[in-house]
Each structure stands twice: as structure tokens, then as C-alpha cells.
$ cat entry20.cif   # mmCIF, C-alpha atoms, pLDDT in the B column; chains and numbers go by the auth columns
data_final
#
loop_
_atom_site.group_PDB
_atom_site.id
_atom_site.type_symbol
_atom_site.label_atom_id
_atom_site.label_comp_id
_atom_site.label_asym_id
_atom_site.label_seq_id
_atom_site.Cartn_x
_atom_site.Cartn_y
_atom_site.Cartn_z
_atom_site.B_iso_or_equiv
_atom_site.auth_seq_id
_atom_site.auth_asym_id
ATOM 1 C CA MET A 1 34.357 -39.010 -9.433 53.00 1 I
ATOM 2 C CA ALA A 2 31.404 -36.688 -10.091 52.00 2 I
ATOM 3 C CA PRO A 3 30.348 -34.308 -7.315 50.00 3 I
ATOM 4 C CA THR A 4 27.233 -35.291 -5.399 52.00 4 I
ATOM 5 C CA PRO A 5 24.287 -33.024 -6.237 54.00 5 I
ATOM 6 C CA ARG A 6 23.059 -30.962 -3.296 55.00 6 I
ATOM 7 C CA THR A 7 19.575 -31.713 -2.078 56.00 7 I
ATOM 8 C CA ALA A 8 17.053 -28.941 -1.424 51.00 8 I
ATOM 9 C CA ALA A 9 17.231 -29.711 2.317 54.00 9 I
ATOM 10 C CA ALA A 10 21.030 -29.404 2.336 54.00 10 I
ATOM 11 C CA GLU A 11 20.802 -26.097 0.450 51.00 11 I
ATOM 12 C CA GLU A 12 18.231 -24.765 2.943 48.00 12 I
ATOM 13 C CA ASP A 13 20.551 -25.665 5.835 57.00 13 I
ATOM 14 C CA THR A 14 23.085 -23.150 4.497 58.00 14 I
ATOM 15 C CA MET A 15 20.565 -20.315 3.933 65.00 15 I
ATOM 16 C CA GLU A 16 20.352 -17.406 6.343 79.00 16 I
ATOM 17 C CA GLU A 17 17.693 -17.683 9.023 86.00 17 I
ATOM 18 C CA CYS A 18 14.981 -15.010 8.947 90.00 18 I
ATOM 19 C CA PHE A 19 12.991 -13.427 11.763 95.00 19 I
ATOM 20 C CA VAL A 20 9.495 -12.505 10.573 96.00 20 I
ATOM 21 C CA TRP A 21 6.505 -10.733 12.130 96.00 21 I
ATOM 22 C CA VAL A 22 3.158 -11.394 10.400 97.00 22 I
ATOM 23 C CA THR A 23 -0.019 -9.483 11.183 96.00 23 I
ATOM 24 C CA THR A 24 -3.360 -10.013 9.456 97.00 24 I
ATOM 25 C CA ARG A 25 -6.129 -7.510 10.073 97.00 25 I
ATOM 26 C CA ARG A 26 -9.723 -7.471 8.919 97.00 26 I
ATOM 27 C CA ILE A 27 -10.644 -3.860 8.132 95.00 27 I
ATOM 28 C CA GLN A 28 -13.940 -1.963 8.402 94.00 28 I
ATOM 29 C CA PRO A 29 -15.776 -1.811 5.053 91.00 29 I
ATOM 30 C CA ASP A 30 -14.510 1.161 3.008 88.00 30 I
ATOM 31 C CA GLY A 31 -11.816 1.803 5.635 90.00 31 I
ATOM 32 C CA LEU A 32 -8.728 0.642 3.716 90.00 32 I
ATOM 33 C CA GLU A 33 -7.530 4.076 2.591 90.00 33 I
ATOM 34 C CA ALA A 34 -7.747 5.586 6.094 91.00 34 I
ATOM 35 C CA PHE A 35 -6.233 2.434 7.592 92.00 35 I
ATOM 36 C CA GLU A 36 -3.244 2.645 5.227 89.00 36 I
ATOM 37 C CA ARG A 37 -2.523 6.243 6.283 88.00 37 I
ATOM 38 C CA ALA A 38 -2.474 5.163 9.943 89.00 38 I
ATOM 39 C CA TRP A 39 -0.596 1.916 9.316 87.00 39 I
ATOM 40 C CA ARG A 40 2.620 3.193 7.780 83.00 40 I
ATOM 41 C CA PRO A 41 5.209 4.101 10.472 81.00 41 I
ATOM 42 C CA ALA A 42 6.670 7.625 10.358 83.00 42 I
ATOM 43 C CA ASP A 43 10.258 6.291 10.504 87.00 43 I
ATOM 44 C CA ARG A 44 11.873 2.969 9.675 91.00 44 I
ATOM 45 C CA PRO A 45 11.962 0.879 12.860 93.00 45 I
ATOM 46 C CA GLN A 46 15.470 -0.005 14.049 94.00 46 I
ATOM 47 C CA GLY A 47 16.271 -3.608 13.107 95.00 47 I
ATOM 48 C CA MET A 48 13.582 -3.919 10.412 96.00 48 I
ATOM 49 C CA ARG A 49 15.095 -5.194 7.175 95.00 49 I
ATOM 50 C CA ARG A 50 12.072 -5.232 4.860 94.00 50 I
ATOM 51 C CA ALA A 51 8.303 -5.028 5.005 94.00 51 I
ATOM 52 C CA PHE A 52 5.534 -6.126 2.660 94.00 52 I
ATOM 53 C CA ALA A 53 1.763 -5.605 2.619 93.00 53 I
ATOM 54 C CA TYR A 54 -0.800 -7.826 0.913 95.00 54 I
ATOM 55 C CA TRP A 55 -4.492 -6.942 0.437 93.00 55 I
ATOM 56 C CA SER A 56 -7.471 -9.167 -0.288 95.00 56 I
ATOM 57 C CA ALA A 57 -9.430 -8.425 -3.471 93.00 57 I
ATOM 58 C CA ASP A 58 -12.263 -6.843 -1.474 92.00 58 I
ATOM 59 C CA GLY A 59 -9.868 -4.608 0.511 90.00 59 I
ATOM 60 C CA GLN A 60 -11.145 -5.862 3.837 94.00 60 I
ATOM 61 C CA GLU A 61 -8.140 -7.939 4.862 96.00 61 I
ATOM 62 C CA VAL A 62 -4.532 -6.782 5.014 95.00 62 I
ATOM 63 C CA THR A 63 -1.531 -8.947 5.850 97.00 63 I
ATOM 64 C CA GLY A 64 1.745 -7.279 6.780 95.00 64 I
ATOM 65 C CA VAL A 65 4.997 -9.232 6.721 96.00 65 I
ATOM 66 C CA SER A 66 8.153 -7.670 8.149 95.00 66 I
ATOM 67 C CA PHE A 67 11.662 -9.103 8.322 96.00 67 I
ATOM 68 C CA TRP A 68 13.842 -8.283 11.347 96.00 68 I
ATOM 69 C CA ASP A 69 17.482 -8.572 12.443 95.00 69 I
ATOM 70 C CA SER A 70 16.331 -10.497 15.533 94.00 70 I
ATOM 71 C CA GLU A 71 13.316 -11.274 17.685 94.00 71 I
ATOM 72 C CA GLU A 72 14.629 -8.735 20.216 95.00 72 I
ATOM 73 C CA ALA A 73 14.658 -5.956 17.591 96.00 73 I
ATOM 74 C CA CYS A 74 11.034 -6.720 16.741 95.00 74 I
ATOM 75 C CA ASP A 75 10.025 -6.869 20.426 96.00 75 I
ATOM 76 C CA THR A 76 11.738 -3.531 21.092 97.00 76 I
ATOM 77 C CA TRP A 77 9.804 -1.886 18.268 95.00 77 I
ATOM 78 C CA ARG A 78 6.507 -3.458 19.334 95.00 78 I
ATOM 79 C CA ALA A 79 6.957 -2.089 22.873 96.00 79 I
ATOM 80 C CA SER A 80 7.930 1.413 21.663 95.00 80 I
ATOM 81 C CA GLU A 81 5.818 4.552 22.004 95.00 81 I
ATOM 82 C CA PRO A 82 5.719 5.177 18.217 93.00 82 I
ATOM 83 C CA GLU A 83 4.320 1.661 17.692 93.00 83 I
ATOM 84 C CA GLN A 84 1.709 2.186 20.422 95.00 84 I
ATOM 85 C CA GLN A 85 0.656 5.445 18.747 94.00 85 I
ATOM 86 C CA ARG A 86 0.504 3.750 15.359 93.00 86 I
ATOM 87 C CA ARG A 87 -1.683 0.954 16.740 94.00 87 I
ATOM 88 C CA ALA A 88 -4.009 3.480 18.387 95.00 88 I
ATOM 89 C CA ALA A 89 -4.353 5.321 15.067 94.00 89 I
ATOM 90 C CA MET A 90 -5.230 2.052 13.259 94.00 90 I
ATOM 91 C CA ALA A 91 -7.677 0.798 15.897 96.00 91 I
ATOM 92 C CA PRO A 92 -10.827 2.566 14.597 95.00 92 I
ATOM 93 C CA TYR A 93 -10.494 0.730 11.264 95.00 93 I
ATOM 94 C CA VAL A 94 -9.641 -2.758 12.556 96.00 94 I
ATOM 95 C CA VAL A 95 -12.370 -5.353 13.105 96.00 95 I
ATOM 96 C CA GLU A 96 -10.082 -8.282 13.934 97.00 96 I
ATOM 97 C CA GLU A 97 -6.324 -8.854 14.244 96.00 97 I
ATOM 98 C CA ARG A 98 -4.116 -11.956 14.269 97.00 98 I
ATOM 99 C CA GLU A 99 -0.357 -11.788 14.650 95.00 99 I
ATOM 100 C CA GLY A 100 2.669 -13.954 15.259 96.00 100 I
ATOM 101 C CA PHE A 101 6.453 -14.035 15.197 95.00 101 I
ATOM 102 C CA TYR A 102 8.251 -16.724 13.223 94.00 102 I
ATOM 103 C CA ARG A 103 11.749 -17.977 12.449 93.00 103 I
ATOM 104 C CA GLY A 104 12.505 -19.569 9.118 90.00 104 I
ATOM 105 C CA ARG A 105 14.496 -19.480 5.909 87.00 105 I
ATOM 106 C CA GLU A 106 13.938 -19.353 2.201 84.00 106 I
ATOM 107 C CA LEU A 107 12.907 -22.666 0.680 83.00 107 I
ATOM 108 C CA ALA A 108 15.091 -24.155 -2.028 81.00 108 I
ATOM 109 C CA ILE A 109 12.777 -24.975 -4.909 82.00 109 I
ATOM 110 C CA PRO A 110 14.102 -27.662 -7.277 82.00 110 I
ATOM 111 C CA GLY A 111 14.779 -26.472 -10.808 78.00 111 I
ATOM 112 C CA GLY A 112 16.800 -23.347 -10.157 63.00 112 I
ATOM 113 C CA THR A 113 15.752 -19.767 -9.701 64.00 113 I
ATOM 114 C CA PRO A 114 12.730 -18.162 -11.382 64.00 114 I
ATOM 115 C CA ASP A 115 13.303 -15.830 -14.357 61.00 115 I
#
$ encode --input "entry20.cif" --output "C-alpha cells"
Amino acid sequence: MAPTPRTAAAEEDTMEECFVWVTTRRIQPDGLEAFERAWRPADRPQGMRRAFAYWSADGQEVTGVSFWDSEEACDTWRASEPEQQRRAAMAPYVVEEREGFYRGRELAIPGGTPD
């Protein structure tokens, strides 16, 4: 009897759950370089696994995506003095900010892994 192929949904059920903080900021015109200097934390926050930044073509919108050990680890960082100082340093360059915390997992895409 041949083994039953796993479905994408079944594969996703076995993947590790992620805790993700996403922040999108609209930046003052010509403020991206100064914003980037203020944005980067001095030290790696405890509980942060990885972080990514994505910029729009015009440099006026930046989306940061960070992966955390837990929601509590993210909340602890967000309430910390270094994070408050970092936010204050960014504030002069930020026109608008949207943020949210999410739970999820990698999606299983049919056809195997990309090259």
C-alpha cells in the first residue's frame, strides 16, 4: 500500500508557530537615511530571533518585520527604556505609523522548495 501524500495543510500543522511584530512607517521626504540611523537598536533585544526591513521604491515607507520567541518577549522589549529612546529618536522622521503583533507559521507551497 502506497503512503498517502501529505497535504499542504497537514504539513503546515507540523511547522513551528512564529510570533511576529510588523511596523509600517511613512517617513518624511528625504528623511530615510536619518531615520535608519535612529531605527536600528544599539543591542539585540532579548527574545528577538530575526528582523527584516523593507523599503518602498520612493524611500518614504518602511516596513519592519521581527520574529520573537514569544509575545511576552516582544512586549517586554516594547516597554523597555531602550525601545522608548529609540522611538523618540525616530519620531522626527515619522509621518504615520501602523503596527501589529501576529502569530502564524510558514506556508507550505505545493511543488517543493524554491532553488
$ resolve_selection --input "entry20.cif" --expression "the PyMOL selection byres ((chain I and resi 26-37) around 9)" --output "VMD selection string"
chain I and resid 24 to 25 38 to 40 58 to 63 89 to 98
$ closest_residue --input "entry20.cif" --among "I:Pro110, I:Ala57, I:Asp69, I:Pro41" --to "Glu16 in chain I" --atoms "only C-alpha atoms"
I:Asp69
$ resolve_selection --input "entry20.cif" --expression "the PyMOL selection byres ((chain I and resi 42-53) around 9)" --output "VMD selection string"
chain I and resid 40 to 41 54 to 55 62 to 70 72 to 74 76 to 77 82 86
$ atom_distance --input "entry20.cif" --atom1 "CA of Glu17 in chain I" --atom2 "CA of Glu71 in chain I"
11.6 Å
$ resolve_selection --input "entry20.cif" --expression "the PyMOL selection byres ((chain I and resi 101) around 9)" --output "JSON, numbers by chain"
{"I": [19, 20, 21, 22, 23, 71, 74, 99, 100, 102, 103]}
$ decode --input "entry20.cif" --residues "range 89-102 of chain I" --atoms "all heavy atoms" --output "short mmCIF file (atom, residue, chain, number, x, y, z; two decimals), in the first residue's frame"
data_model
loop_
_atom_site.label_atom_id
_atom_site.label_comp_id
_atom_site.auth_asym_id
_atom_site.auth_seq_id
_atom_site.Cartn_x
_atom_site.Cartn_y
_atom_site.Cartn_z
N ALA I 89 13.88 58.88 19.14
CA ALA I 89 14.86 59.28 18.14
C ALA I 89 14.28 59.20 16.72
O ALA I 89 14.65 60.00 15.85
CB ALA I 89 16.11 58.41 18.25
N MET I 90 13.37 58.26 16.48
CA MET I 90 12.75 58.10 15.16
C MET I 90 11.65 59.12 14.91
O MET I 90 11.37 59.49 13.77
CB MET I 90 12.13 56.71 15.02
CG MET I 90 13.09 55.58 14.91
SD MET I 90 12.24 54.01 14.59
CE MET I 90 11.42 53.70 16.14
N ALA I 91 11.00 59.56 15.97
CA ALA I 91 9.78 60.38 15.86
C ALA I 91 9.88 61.57 14.90
O ALA I 91 8.93 61.83 14.16
CB ALA I 91 9.34 60.84 17.25
N PRO I 92 10.99 62.33 14.88
CA PRO I 92 11.03 63.49 13.98
C PRO I 92 10.92 63.14 12.49
O PRO I 92 10.61 64.00 11.68
CB PRO I 92 12.39 64.13 14.27
CG PRO I 92 12.80 63.61 15.60
CD PRO I 92 12.17 62.26 15.72
N TYR I 93 11.16 61.89 12.13
CA TYR I 93 11.17 61.47 10.73
C TYR I 93 9.92 60.72 10.32
O TYR I 93 9.74 60.41 9.15
CB TYR I 93 12.40 60.59 10.46
CG TYR I 93 13.66 61.20 11.03
CD1 TYR I 93 14.25 60.67 12.17
CD2 TYR I 93 14.22 62.33 10.46
CE1 TYR I 93 15.39 61.24 12.71
CE2 TYR I 93 15.35 62.92 11.00
CZ TYR I 93 15.92 62.37 12.13
OH TYR I 93 17.04 62.95 12.68
N VAL I 94 9.04 60.41 11.28
CA VAL I 94 7.87 59.58 11.02
C VAL I 94 6.63 60.45 10.84
O VAL I 94 6.30 61.27 11.69
CB VAL I 94 7.65 58.57 12.18
CG1 VAL I 94 6.37 57.77 11.96
CG2 VAL I 94 8.85 57.64 12.31
N VAL I 95 5.95 60.24 9.71
CA VAL I 95 4.70 60.94 9.41
C VAL I 95 3.51 60.13 9.93
O VAL I 95 2.56 60.69 10.48
CB VAL I 95 4.57 61.18 7.89
CG1 VAL I 95 3.22 61.79 7.54
CG2 VAL I 95 5.71 62.03 7.38
N GLU I 96 3.58 58.82 9.75
CA GLU I 96 2.48 57.93 10.14
C GLU I 96 3.05 56.57 10.49
O GLU I 96 4.06 56.15 9.93
CB GLU I 96 1.51 57.78 8.96
CG GLU I 96 0.34 56.86 9.20
CD GLU I 96 -0.50 56.68 7.95
OE1 GLU I 96 -0.14 57.16 6.87
OE2 GLU I 96 -1.54 56.01 8.07
N GLU I 97 2.39 55.87 11.43
CA GLU I 97 2.87 54.55 11.86
C GLU I 97 1.69 53.62 12.08
O GLU I 97 0.68 54.00 12.67
CB GLU I 97 3.65 54.70 13.17
CG GLU I 97 4.23 53.43 13.69
CD GLU I 97 5.11 53.66 14.92
OE1 GLU I 97 5.96 54.55 14.88
OE2 GLU I 97 4.90 52.95 15.91
N ARG I 98 1.84 52.39 11.58
CA ARG I 98 0.87 51.32 11.82
C ARG I 98 1.66 50.12 12.32
O ARG I 98 2.74 49.82 11.82
CB ARG I 98 0.14 50.95 10.52
CG ARG I 98 -0.70 52.07 9.96
CD ARG I 98 -1.40 51.69 8.65
NE ARG I 98 -0.57 51.03 7.64
CZ ARG I 98 0.23 51.63 6.78
NH1 ARG I 98 0.36 52.94 6.81
NH2 ARG I 98 0.91 50.94 5.89
N GLU I 99 1.12 49.42 13.31
CA GLU I 99 1.84 48.28 13.85
C GLU I 99 0.88 47.23 14.36
O GLU I 99 -0.28 47.51 14.65
CB GLU I 99 2.80 48.72 14.96
CG GLU I 99 2.13 49.50 16.06
CD GLU I 99 3.14 50.10 17.03
OE1 GLU I 99 4.22 50.51 16.60
OE2 GLU I 99 2.81 50.14 18.21
N GLY I 100 1.38 46.00 14.46
CA GLY I 100 0.56 44.91 14.97
C GLY I 100 1.40 43.69 15.28
O GLY I 100 2.49 43.51 14.72
N PHE I 101 0.88 42.86 16.16
CA PHE I 101 1.55 41.62 16.56
C PHE I 101 0.72 40.46 16.02
O PHE I 101 -0.50 40.46 16.11
CB PHE I 101 1.65 41.53 18.08
CG PHE I 101 2.51 40.39 18.54
CD1 PHE I 101 3.88 40.51 18.59
CD2 PHE I 101 1.95 39.18 18.87
CE1 PHE I 101 4.69 39.45 18.98
CE2 PHE I 101 2.73 38.11 19.27
CZ PHE I 101 4.11 38.25 19.33
N TYR I 102 1.41 39.47 15.46
CA TYR I 102 0.73 38.36 14.81
C TYR I 102 1.35 37.02 15.22
O TYR I 102 2.52 36.96 15.57
CB TYR I 102 0.84 38.49 13.28
CG TYR I 102 0.32 39.79 12.76
CD1 TYR I 102 1.17 40.89 12.63
CD2 TYR I 102 -1.01 39.95 12.43
CE1 TYR I 102 0.70 42.11 12.17
CE2 TYR I 102 -1.49 41.16 11.97
CZ TYR I 102 -0.62 42.24 11.84
OH TYR I 102 -1.10 43.43 11.39
#
